[in-house]
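Notes follow once the structure below has been shown.
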Amino acid sequence: MAVVRGPDPYLLADDPGRAATIIIHPGQECTTSSGETVHLSMSHGVRTWGNASAGETVVLVGTYTTEAEIGSAVTAVLPRVAIIPAGGVDAALARFLGGEITTNAPAQGSVVDRMLDVLLVHAVRAWAAEHPGRATGWLAAGTDSLVAPMLELMHDSPAEAWTLETFAARLHVSRATLASRFRDVVGEPPMTYLTNWRMLLASELLADPNLTTAQVAGQVGYGGPFALSAAFKRRFGLSPTAYRHLKYAPPTPQAV
């Protein structure tokens with residue numbers, strides 16, 4: 001398995017010197033290298049296409065096209081191309097995903113999306129296990145007996161009124177030990193990490209037009225919209241309202 005970090009394009013071939021023959025453009029538009037559309041001529045069923053309906057090699061390709069901040073934070077700890085050897089991830093996950101991709105059952109799209117998420121999580125875990133010396137940030141903390149549970153508390157309960165004291169009490173360790181260990185493993189102070197995590201969550205929650213800024217603030221541990229706005233602007237350079245409009249506002253209809 002390979003996890004490729006965008007947004008730059010990549011080449012998939014059976015030999016490093018092989019030139020591309022088919023190009024997949026943004027929006028899943030498929031053409032030859034000369035620009036001829038092949039989406040229909042190479043179609044072989046539901047979400048399946050290629051040069052044969054039953055070729056020797058089948059490749060599952062899943063692409064995250066979103067610019068989500070949390071997704072960027074996850075992939076930032078990986079190299080440009082992260083290779084996971086065979087056996088690193090349970091092959092049953094790929095088989096299940098492959099079967100689901102080719103069906104048109106109700107809610108199939110949602111199932112595929114969630115399965116791809118699960119497969120990615122397992123792939124990241126497997127890569128970290130294969131390269132313990134190269135893992136950084138939150139990924140490096142996954143095997144640390146003290147920092148890993150602290151990260152779980154942050155990730156699972158961001159709305160809690162966490163302080164270094166409450167973390168230390170929950171984990172039965174001194175504040176000094178906890179702060180030093182966290183900084184050594186993750187590379188930044190624990191409360192700085194928590195603030196950044198809350199801002200990432202807030203940026204995702206703003207995609208929901210039904211949530212007010214006050215509701216978003218409550219879900220990420222801030223007492224009100226003004227407190228959230230001040231922290232959010234320090235992190236992104238925009239207020240939550242301006243960020244929502246820039247990232248999530250529907251396109252303006254164009255006259256044709």
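Chain labels follow the order of the structure tokens: the first chain is A, the next B, and so on; residue numbering restarts at 1 in every chain, and ligands are counted from 1 in their shown order.
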Polymer residues at most 8 Å from region 241-244 of chain A, only C-alpha atoms, same-chain spacing of 6 or more positions, as a ChimeraX atom specification: /A:203,206-207,213
Alpha helix (DSSP H) residues, from DSSP on the backbone, in region 48-256 of chain A, as a PyMOL selection string: chain A and resi 69-75+91-101+108-130+137-140+147-156+164-171+175-186+190-205+213-219+225-236+240-248
Residue neighbourhood Ala214 (chain A), 9 Å, only C-alpha atoms, exclusion window fewer than 3 positions, as a list in words: Leu211, Ala217, Gly218, Gln219, Tyr222, Gly223, Gly224, Pro225, Phe226 and Leu228 of chain A
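Within 10 Å of region 26-35 of chain A, once only C-alpha atoms are used and residues closer than 6 positions along the same chain are dropped, the contacting residues are Pro9, Ala19, Ala20, Met42, Thr63 and Thr65 of chain A.
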Next, the residues of the selection above should be written as a CSV table (one decimal), in the first residue's frame with N, CA, C and O atoms.
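Written out: selection30.csv:
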```
chain,number,residue,atom,x,y,z
A,9,PRO,N,0.9,16.1,-8.3
A,9,PRO,CA,0.5,14.8,-9.0
A,9,PRO,C,1.6,13.8,-8.8
A,9,PRO,O,2.7,14.0,-8.4
A,19,ALA,N,6.4,6.0,-19.2
A,19,ALA,CA,5.7,7.2,-19.3
A,19,ALA,C,4.2,7.0,-19.1
A,19,ALA,O,3.7,5.9,-19.3
A,20,ALA,N,3.6,8.0,-18.6
A,20,ALA,CA,2.1,8.0,-18.3
A,20,ALA,C,1.4,7.8,-19.7
A,20,ALA,O,1.7,8.5,-20.6
A,42,MET,N,-13.1,3.3,-21.4
A,42,MET,CA,-12.4,2.3,-20.6
A,42,MET,C,-13.2,1.9,-19.4
A,42,MET,O,-12.7,1.3,-18.4
A,63,THR,N,-9.0,8.9,-3.1
A,63,THR,CA,-8.4,10.2,-3.1
A,63,THR,C,-9.2,11.1,-2.2
A,63,THR,O,-10.5,11.2,-2.3
A,65,THR,N,-10.0,14.8,-1.7
A,65,THR,CA,-9.9,16.0,-2.4
A,65,THR,C,-10.1,17.3,-1.6
A,65,THR,O,-9.9,18.4,-2.0
```
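Excluding His155 (chain A) and any residue on its chain fewer than 2 positions from it, the residues at most 12 Å away by only C-alpha atoms are A:Ile70, A:Trp138, A:Ala148, A:Pro149, A:Met150, A:Leu151, A:Glu152, A:Leu153, A:Ser157, A:Pro158, A:Ala159, A:Glu160, A:Trp162, A:Tyr193, A:Leu194, A:Thr195, A:Asn196, A:Trp197, A:Arg198, A:Met199, A:Leu200, A:Leu201, A:Gln219, A:Val220, A:Gly221.
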Contacts of Arg95 (chain A) within 12 Å, only C-alpha atoms, excl. fewer than 2 positions in-chain, as a PyMOL selection string: chain A and resi 58-60+89-93+97-102+112+115-116+119
Would you export the selected residues with C-alpha atoms as a PDB file, in the first residue's frame, please?
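Written output follows (out.pdb):
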```pdb
ATOM      1  CA  VAL A  58      -6.246  -4.518  -9.827  1.00  0.00           C
ATOM      2  CA  VAL A  59      -5.445  -1.263  -8.039  1.00  0.00           C
ATOM      3  CA  LEU A  60      -7.747   0.424  -5.539  1.00  0.00           C
ATOM      4  CA  VAL A  89      -2.490  -3.805   6.980  1.00  0.00           C
ATOM      5  CA  ASP A  90      -5.083  -6.574   7.184  1.00  0.00           C
ATOM      6  CA  ALA A  91      -5.857  -7.555   3.581  1.00  0.00           C
ATOM      7  CA  ALA A  92      -9.497  -8.111   4.573  1.00  0.00           C
ATOM      8  CA  LEU A  93      -9.955  -4.323   4.768  1.00  0.00           C
ATOM      9  CA  LEU A  97     -13.459  -1.948   0.244  1.00  0.00           C
ATOM     10  CA  GLY A  98     -12.898  -3.419  -3.211  1.00  0.00           C
ATOM     11  CA  GLY A  99     -16.177  -5.291  -3.047  1.00  0.00           C
ATOM     12  CA  GLU A 100     -18.115  -2.288  -1.784  1.00  0.00           C
ATOM     13  CA  ILE A 101     -16.724   0.019  -4.483  1.00  0.00           C
ATOM     14  CA  THR A 102     -18.256  -2.100  -7.253  1.00  0.00           C
ATOM     15  CA  VAL A 112     -16.911   3.553   0.988  1.00  0.00           C
ATOM     16  CA  MET A 115     -13.984   2.271   4.925  1.00  0.00           C
ATOM     17  CA  LEU A 116     -11.391   4.471   3.245  1.00  0.00           C
ATOM     18  CA  LEU A 119      -7.961   1.873   5.817  1.00  0.00           C
TER      19      LEU A 119
END
```
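By chain and then residue number, the residues within 10 Å of Tyr64 (chain A) are Arg5, Gly6, Pro7, Gly71, Asp113, Leu116 and Asp117 of chain A, counting only C-alpha atoms and disregarding those fewer than 5 positions away in sequence.
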For those residues, write N, CA and C atoms to a file as a CSV table (one decimal), in the first residue's frame.
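Okay, this is what ended up in out05.csv:
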```
chain,number,residue,atom,x,y,z
A,5,ARG,N,1.0,11.9,-0.4
A,5,ARG,CA,0.6,13.2,0.1
A,5,ARG,C,0.6,14.2,-1.0
A,6,GLY,N,-0.6,14.9,-1.2
A,6,GLY,CA,-0.7,15.9,-2.2
A,6,GLY,C,-0.2,17.2,-1.8
A,7,PRO,N,-0.6,18.2,-2.6
A,7,PRO,CA,-1.4,18.2,-3.8
A,7,PRO,C,-0.7,17.9,-5.1
A,71,GLY,N,-7.1,16.9,8.1
A,71,GLY,CA,-6.4,16.0,7.2
A,71,GLY,C,-5.0,16.4,6.9
A,113,ASP,N,-16.7,5.8,1.9
A,113,ASP,CA,-16.0,6.9,2.6
A,113,ASP,C,-15.4,6.4,4.0
A,116,LEU,N,-12.6,3.8,3.6
A,116,LEU,CA,-11.4,4.5,3.2
A,116,LEU,C,-10.7,5.1,4.4
A,117,ASP,N,-11.5,5.8,5.3
A,117,ASP,CA,-11.0,6.4,6.5
A,117,ASP,C,-10.3,5.3,7.4
```
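For the choices A:Val4, A:Met191, A:Ala52, A:Ala230, the atom-to-atom distance to Leu78 (chain A) is smallest for A:Val4 when using only C-alpha atoms.
Here CA of Pro79 (chain A) stands at a distance of 24.7 Å from CA of Arg181 (chain A).
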